[in-house]
file work-v7.pdb (PDB, C-alpha atoms)
ATOM      1  CA  MET A   1      53.980  -2.150  94.003
ATOM      2  CA  ARG A   2      52.679   0.458  96.424
ATOM      3  CA  GLU A   3      49.133   0.276  97.696
ATOM      4  CA  TYR A   4      46.900   3.235  98.546
ATOM      5  CA  ARG A   5      43.739   3.779 100.544
ATOM      6  CA  THR A   6      41.049   5.792  98.780
ATOM      7  CA  GLU A   7      42.136   9.129 100.266
ATOM      8  CA  GLU A   8      45.819   8.416  99.553
ATOM      9  CA  LEU A   9      45.145   7.538  95.903
ATOM     10  CA  ALA A  10      43.043  10.661  95.390
ATOM     11  CA  GLU A  11      45.809  12.806  96.888
ATOM     12  CA  ALA A  12      48.497  11.146  94.730
ATOM     13  CA  ALA A  13      46.377  11.729  91.600
ATOM     14  CA  GLY A  14      45.539  15.305  92.584
ATOM     15  CA  ILE A  15      41.764  14.809  92.521
ATOM     16  CA  PRO A  16      39.003  14.972  95.147
ATOM     17  CA  VAL A  17      37.863  11.719  96.722
ATOM     18  CA  ARG A  18      34.374  12.268  95.293
ATOM     19  CA  THR A  19      35.875  12.389  91.783
ATOM     20  CA  LEU A  20      37.675   9.108  92.408
ATOM     21  CA  ARG A  21      34.419   7.512  93.546
ATOM     22  CA  PHE A  22      32.636   8.941  90.510
ATOM     23  CA  TYR A  23      35.216   7.341  88.210
ATOM     24  CA  ARG A  24      34.656   4.039  90.004
ATOM     25  CA  GLU A  25      30.908   4.336  89.497
ATOM     26  CA  ARG A  26      31.470   5.046  85.780
ATOM     27  CA  LYS A  27      33.705   1.932  85.647
ATOM     28  CA  LEU A  28      36.692   4.019  84.521
ATOM     29  CA  LEU A  29      38.782   2.308  87.193
ATOM     30  CA  PRO A  30      39.154  -1.428  87.833
ATOM     31  CA  PRO A  31      37.857  -2.600  91.224
ATOM     32  CA  PRO A  32      40.250  -2.228  94.163
ATOM     33  CA  ARG A  33      41.489  -5.076  96.295
ATOM     34  CA  ARG A  34      39.213  -5.489  99.284
ATOM     35  CA  GLU A  35      40.412  -6.238 102.771
ATOM     36  CA  GLY A  36      37.306  -6.258 104.899
ATOM     37  CA  ARG A  37      35.781  -2.811 104.481
ATOM     38  CA  ILE A  38      39.045  -1.253 103.286
ATOM     39  CA  ALA A  39      39.622  -0.695  99.569
ATOM     40  CA  TRP A  40      43.251  -0.929  98.466
ATOM     41  CA  TYR A  41      44.421   0.596  95.195
ATOM     42  CA  ASP A  42      47.831   0.284  93.552
ATOM     43  CA  ASP A  43      50.106   2.018  91.045
ATOM     44  CA  GLN A  44      48.057   0.706  88.126
ATOM     45  CA  HIS A  45      45.038   2.602  89.435
ATOM     46  CA  LEU A  46      47.192   5.726  89.789
ATOM     47  CA  ALA A  47      48.431   5.325  86.192
ATOM     48  CA  ARG A  48      44.806   4.987  85.006
ATOM     49  CA  LEU A  49      43.843   8.191  86.826
ATOM     50  CA  ARG A  50      46.741  10.059  85.220
ATOM     51  CA  THR A  51      45.674   8.745  81.827
ATOM     52  CA  ILE A  52      42.115   9.966  82.445
ATOM     53  CA  ALA A  53      43.426  13.408  83.422
ATOM     54  CA  ALA A  54      45.634  13.606  80.308
ATOM     55  CA  LEU A  55      42.756  12.592  78.012
ATOM     56  CA  LEU A  56      40.395  15.084  79.632
ATOM     57  CA  GLU A  57      42.952  17.834  79.036
ATOM     58  CA  ARG A  58      43.046  16.843  75.352
ATOM     59  CA  GLY A  59      39.309  17.370  75.098
ATOM     60  CA  HIS A  60      38.024  13.806  75.459
ATOM     61  CA  THR A  61      34.712  13.264  77.199
ATOM     62  CA  LEU A  62      34.270  10.790  80.027
ATOM     63  CA  GLY A  63      32.133   8.728  77.661
ATOM     64  CA  GLY A  64      34.984   8.566  75.155
ATOM     65  CA  ILE A  65      37.434   7.646  77.882
ATOM     66  CA  ALA A  66      35.088   4.897  79.041
ATOM     67  CA  GLU A  67      35.043   3.578  75.463
ATOM     68  CA  LEU A  68      38.846   3.602  75.431
ATOM     69  CA  THR A  69      38.860   1.688  78.710
ATOM     70  CA  VAL A  70      36.523  -0.945  77.295
ATOM     71  CA  ALA A  71      38.756  -1.217  74.220
ATOM     72  CA  PHE A  72      41.769  -1.957  76.386
ATOM     73  CA  GLU A  73      39.954  -4.473  78.525
ATOM     74  CA  ASN A  74      38.506  -6.251  75.491
ATOM     75  CA  GLY A  75      41.888  -6.388  73.750
ATOM     76  CA  ARG A  76      40.775  -4.371  70.724
ATOM     77  CA  ASP A  77      43.356  -4.232  67.959
ATOM     78  CA  VAL A  78      45.692  -1.326  68.617
ATOM     79  CA  GLY A  79      45.190   0.004  65.104
ATOM     80  CA  GLN A  80      41.601   0.833  66.066
ATOM     81  CA  LEU A  81      42.617   2.921  69.059
ATOM     82  CA  GLY A  82      43.678   5.915  66.981
ATOM     83  CA  GLU A  83      40.171   7.325  66.829
ATOM     84  CA  LEU A  84      39.692   6.853  70.559
ATOM     85  CA  LEU A  85      43.002   8.572  71.296
ATOM     86  CA  GLY A  86      41.989  11.532  69.180
ATOM     87  CA  ILE A  87      44.326  11.054  66.224
ATOM     88  CA  GLY A  88      41.465  10.327  63.790
ATOM     89  CA  TRP A  89      42.707   9.753  60.255
ATOM     90  CA  SER A  90      46.304  10.247  61.356
ATOM     91  CA  GLU A  91      49.052   8.277  59.662
ATOM     92  CA  GLU A  92      50.451   7.435  63.079
ATOM     93  CA  THR A  93      50.234   3.856  64.301
ATOM     94  CA  PRO A  94      49.695   3.340  68.043
ATOM     95  CA  VAL A  95      51.873   0.727  69.743
ATOM     96  CA  ARG A  96      50.959  -1.522  72.663
ATOM     97  CA  LEU A  97      53.805  -2.130  75.117
ATOM     98  CA  THR A  98      54.399  -3.843  78.415
ATOM     99  CA  PRO A  99      56.100  -1.671  81.065
ATOM    100  CA  GLU A 100      59.211  -3.818  80.587
ATOM    101  CA  ALA A 101      59.258  -3.192  76.834
ATOM    102  CA  LEU A 102      58.843   0.550  77.413
ATOM    103  CA  ALA A 103      61.774   0.482  79.853
ATOM    104  CA  ASP A 104      63.891  -1.321  77.241
ATOM    105  CA  TYR A 105      63.184   1.433  74.726
ATOM    106  CA  PHE A 106      64.503   4.136  77.023
ATOM    107  CA  GLU A 107      67.331   2.468  78.952
ATOM    108  CA  GLY A 108      66.558   3.444  82.531
ATOM    109  CA  GLU A 109      64.962   6.804  81.676
ATOM    110  CA  VAL A 110      61.397   5.695  82.460
ATOM    111  CA  THR A 111      61.024   7.626  85.709
ATOM    112  CA  PRO A 112      57.746   8.680  87.362
ATOM    113  CA  GLU A 113      58.442  12.260  86.256
ATOM    114  CA  ASN A 114      58.995  11.252  82.619
ATOM    115  CA  LEU A 115      55.929   9.017  82.665
ATOM    116  CA  ALA A 116      53.821  11.892  83.996
ATOM    117  CA  ALA A 117      55.203  14.214  81.302
ATOM    118  CA  SER A 118      54.419  11.627  78.598
ATOM    119  CA  LEU A 119      50.885  11.253  79.879
ATOM    120  CA  ASP A 120      50.431  15.034  79.997
ATOM    121  CA  LEU A 121      51.576  15.275  76.376
ATOM    122  CA  GLY A 122      49.212  12.508  75.375
ATOM    123  CA  TYR A 123      52.034  10.291  74.102
ATOM    124  CA  LEU A 124      51.085   7.459  76.465
ATOM    125  CA  ALA A 125      47.861   5.953  77.694
ATOM    126  CA  ALA A 126      48.097   3.356  80.450
ATOM    127  CA  ASP A 127      45.649   0.684  81.436
ATOM    128  CA  GLY A 128      46.407  -2.133  83.842
ATOM    129  CA  GLU A 129      49.597  -3.821  82.801
ATOM    130  CA  GLU A 130      49.590  -2.436  79.260
ATOM    131  CA  ILE A 131      50.695   0.897  77.828
ATOM    132  CA  VAL A 132      49.829   2.432  74.464
ATOM    133  CA  HIS A 133      52.118   4.910  72.762
ATOM    134  CA  VAL A 134      50.102   6.915  70.244
ATOM    135  CA  SER A 135      52.799   6.997  67.535
ATOM    136  CA  ARG A 136      55.258   4.364  66.367
ATOM    137  CA  ARG A 137      57.328   7.074  64.683
ATOM    138  CA  LEU A 138      57.541   9.261  67.788
ATOM    139  CA  LEU A 139      58.396   6.228  69.907
ATOM    140  CA  ASP A 140      61.224   5.209  67.581
ATOM    141  CA  VAL A 141      62.599   8.752  67.259
ATOM    142  CA  SER A 142      62.457   9.388  71.000
ATOM    143  CA  SER A 143      64.218   6.098  71.678
ATOM    144  CA  ALA A 144      66.914   6.875  69.092
ATOM    145  CA  LEU A 145      67.580  10.287  70.676
ATOM    146  CA  VAL A 146      67.902   8.723  74.113
ATOM    147  CA  ARG A 147      70.370   6.147  72.744
ATOM    148  CA  GLU A 148      72.388   9.054  71.329
ATOM    149  CA  GLY A 149      72.667  10.523  74.813
ATOM    150  CA  VAL A 150      69.788  13.009  74.944
ATOM    151  CA  PRO A 151      67.940  12.733  78.294
ATOM    152  CA  LEU A 152      64.342  11.623  77.916
ATOM    153  CA  SER A 153      63.209  14.634  79.966
ATOM    154  CA  ALA A 154      64.827  16.920  77.364
ATOM    155  CA  VAL A 155      63.225  14.943  74.508
ATOM    156  CA  LEU A 156      59.802  15.346  76.120
ATOM    157  CA  GLU A 157      60.317  19.075  76.697
ATOM    158  CA  ALA A 158      61.326  19.454  73.050
ATOM    159  CA  GLY A 159      58.200  17.507  72.107
ATOM    160  CA  ARG A 160      56.089  19.914  74.125
ATOM    161  CA  ARG A 161      57.612  22.905  72.331
ATOM    162  CA  VAL A 162      57.261  21.237  68.920
ATOM    163  CA  ARG A 163      53.601  20.541  69.732
ATOM    164  CA  GLU A 164      52.973  24.275  70.183
ATOM    165  CA  HIS A 165      54.486  25.104  66.771
ATOM    166  CA  ALA A 166      52.795  22.100  65.123
ATOM    167  CA  ASP A 167      49.395  23.194  66.421
ATOM    168  CA  ALA A 168      49.990  26.666  64.982
ATOM    169  CA  MET A 169      51.030  25.277  61.587
ATOM    170  CA  ALA A 170      48.082  22.890  61.521
ATOM    171  CA  ALA A 171      45.729  25.784  62.235
ATOM    172  CA  LEU A 172      47.370  27.874  59.489
ATOM    173  CA  PHE A 173      46.989  25.209  56.791
ATOM    174  CA  THR A 174      43.517  24.188  57.930
ATOM    175  CA  GLU A 175      42.345  27.794  57.683
ATOM    176  CA  LEU A 176      44.099  28.256  54.330
ATOM    177  CA  ILE A 177      42.478  25.200  52.762
ATOM    178  CA  SER A 178      39.079  25.728  54.369
ATOM    179  CA  THR A 179      38.954  29.363  53.252
ATOM    180  CA  HIS A 180      40.097  28.921  49.659
ATOM    181  CA  VAL A 181      38.993  25.373  48.836
ATOM    182  CA  SER A 182      36.645  23.759  51.349
ATOM    183  CA  GLU A 183      36.697  22.271  54.812
ATOM    184  CA  GLU A 184      36.071  18.827  53.301
ATOM    185  CA  ALA A 185      39.306  19.159  51.296
ATOM    186  CA  VAL A 186      41.529  19.355  54.385
ATOM    187  CA  PRO A 187      42.177  15.574  54.664
ATOM    188  CA  ARG A 188      42.821  15.281  50.917
ATOM    189  CA  LEU A 189      45.262  18.211  50.774
ATOM    190  CA  ARG A 190      47.015  17.471  54.053
ATOM    191  CA  PRO A 191      50.011  15.839  52.276
ATOM    192  CA  LEU A 192      50.712  19.208  50.612
ATOM    193  CA  ALA A 193      50.938  20.912  53.987
ATOM    194  CA  LYS A 194      53.181  18.126  55.236
ATOM    195  CA  SER A 195      55.530  18.596  52.266
ATOM    196  CA  VAL A 196      55.778  22.349  52.911
ATOM    197  CA  VAL A 197      56.604  21.815  56.581
ATOM    198  CA  GLU A 198      59.211  19.134  55.834
ATOM    199  CA  ALA A 199      60.877  21.311  53.184
ATOM    200  CA  GLU A 200      60.951  24.396  55.396
ATOM    201  CA  LEU A 201      62.314  22.406  58.352
ATOM    202  CA  THR A 202      65.058  20.917  56.186
ATOM    203  CA  MET A 203      66.089  24.330  54.893
ATOM    204  CA  ALA A 204      65.951  25.851  58.384
ATOM    205  CA  MET A 205      68.271  23.150  59.755
ATOM    206  CA  ASP A 206      70.609  23.721  56.787
ATOM    207  CA  ARG A 207      70.754  27.416  57.671
ATOM    208  CA  LEU A 208      71.606  26.601  61.282
ATOM    209  CA  ARG A 209      74.193  23.923  60.506
ATOM    210  CA  PRO A 210      77.751  25.264  60.790
ATOM    211  CA  PRO A 211      80.024  24.634  57.774
ATOM    212  CA  ALA A 212      82.308  21.613  57.966
ATOM    213  CA  ALA A 213      85.980  22.185  58.869
ATOM    214  CA  GLY A 214      87.833  23.746  55.940
ATOM    215  CA  GLN A 215      84.615  24.514  54.098
ATOM    216  CA  ALA A 216      83.726  28.140  53.455
ATOM    217  CA  PRO A 217      80.169  29.086  54.344
ATOM    218  CA  GLY A 218      77.861  29.500  51.378
ATOM    219  CA  PRO A 219      76.522  32.898  50.352
ATOM    220  CA  THR A 220      73.472  34.257  52.078
ATOM    221  CA  PRO A 221      70.243  34.537  50.077
ATOM    222  CA  GLU A 222      70.748  38.319  49.926
ATOM    223  CA  ALA A 223      74.274  37.904  48.541
ATOM    224  CA  ARG A 224      73.049  35.429  45.938
ATOM    225  CA  GLN A 225      70.477  37.936  44.769
ATOM    226  CA  ARG A 226      73.183  40.642  44.356
ATOM    227  CA  THR A 227      75.619  38.370  42.491
ATOM    228  CA  PRO A 228      75.362  38.957  38.728
ATOM    229  CA  GLN A 229      74.663  35.846  36.735
ATOM    230  CA  ALA A 230      76.998  34.883  33.896
ATOM    231  CA  PRO A 231      75.299  35.041  30.504
ATOM    232  CA  SER A 232      74.314  31.700  29.151
ATOM    233  CA  SER A 233      75.937  30.570  25.941
TER
END

call {"tool": "encode", "arguments": {"input": "work-v7.pdb", "output": "structure tokens"}}
result
Amino acid sequence: MREYRTEELAEAAGIPVRTLRFYRERKLLPPPRREGRIAWYDDQHLARLRTIAALLERGHTLGGIAELTVAFENGRDVGQLGELLGIGWSEETPVRLTPEALADYFEGEVTPENLAASLDLGYLAADGEEIVHVSRRLLDVSSALVREGVPLSAVLEAGRRVREHADAMAALFTELISTHVSEEAVPRLRPLAKSVVEAELTMAMDRLRPPAAGQAPGPTPEARQRTPQAPSS
């Protein structure tokens, strides 16, 4: 494990030294190893700084991040971390992992670049020797795609693009329900929005799927509308 002086760690994390010291004062970072008057940090401190940056980008306050840090250090049940990670009443279940378990999921694809991308997306939060993935379902799907031969970097890029569309759809349904029902009804009616999205995605993938060998492609929706229907008996 690499060690860093204060200036080296700040440079690796892309932050000013004064910001690093501020995080230390707020107890967002664990204490460094001391060697006389020299403070030595390691890769775990760098991972914590990247987690802080990712959470700040997602709109978390430093106070909220401090609460998350305390939760990790006190071993709070992972099911309670959803609110701290910003997924509120989400159906997603966060998962605690050791670095070794994460590496097993992705078969050699856990590179510094992929870790940084995961942190930027908010999929991972790291603290000390433990890692939290915010969604069991996304973890399992990502792992399955990697086992099928899709590079993890491509999976993460697809996730970034899906996030953009998902944010737009979430905004659409939230506005629809808030405008015509009430803002308080959004959590209750969320399953309806989910059903619409799942149905539309299924039909979209059906439209893109090429016909099997020897199978004629089905008629287009326009052709079906022009085809006269046989009278019913």

call {"tool": "resolve_selection", "arguments": {"input": "work-v7.pdb", "expression": "the PyMOL selection byres ((chain A and resi 48-55) around 6)", "output": "PyMOL selection string"}}
result
chain A and resi 45-47+56-58+60+119-120+125-127

call {"tool": "closest_residue", "arguments": {"input": "work-v7.pdb", "among": "A:Ala39, A:Ala116, A:Leu192, A:Glu157", "to": "A:Leu176", "atoms": "only C-alpha atoms"}}
result
A:Leu192

call {"tool": "atom_distance", "arguments": {"input": "work-v7.pdb", "atom1": "atom CA of A:Lys27", "atom2": "atom CA of A:Leu124"}}
result
20.4 Å

call {"tool": "resolve_selection", "arguments": {"input": "work-v7.pdb", "expression": "the PyMOL selection byres ((chain A and resi 9) around 10)", "output": "PyMOL selection string"}}
result
chain A and resi 3-8+10-17+20+40-43+45-46+49

call {"tool": "closest_residue", "arguments": {"input": "work-v7.pdb", "among": "A:Leu145, A:Glu175, A:Ala193, A:Leu152", "to": "A:Ala103", "atoms": "all atoms listed in the file"}}
result
A:Leu152

call {"tool": "atom_distance", "arguments": {"input": "work-v7.pdb", "atom1": "atom CA of A:Val196", "atom2": "atom CA of A:Glu148"}}
result
28.1 Å

call {"tool": "atom_distance", "arguments": {"input": "work-v7.pdb", "atom1": "atom CA of A:Phe173", "atom2": "atom CA of A:Leu208"}}
result
25.1 Å

call {"tool": "resolve_selection", "arguments": {"input": "work-v7.pdb", "expression": "the PyMOL selection byres ((chain A and resi 106-108) around 10)", "output": "VMD selection string"}}
result
chain A and resid 101 to 105 109 to 111 139 142 to 147 151 to 152

call {"tool": "axis_aligned_box", "arguments": {"input": "work-v7.pdb", "around": "stretch 100-103 of chain A", "padding_each_side": "6 Å", "output": "AutoDock Vina command-line options"}}
result
--center_x 60.3 --center_y -1.6 --center_z 78.7 --size_x 14.9 --size_y 16.4 --size_z 15.8

call {"tool": "closest_residue", "arguments": {"input": "work-v7.pdb", "among": "A:Ala185, A:Ala154, A:Leu28, A:Ala171", "to": "A:Gly63", "atoms": "only C-alpha atoms"}}
result
A:Leu28
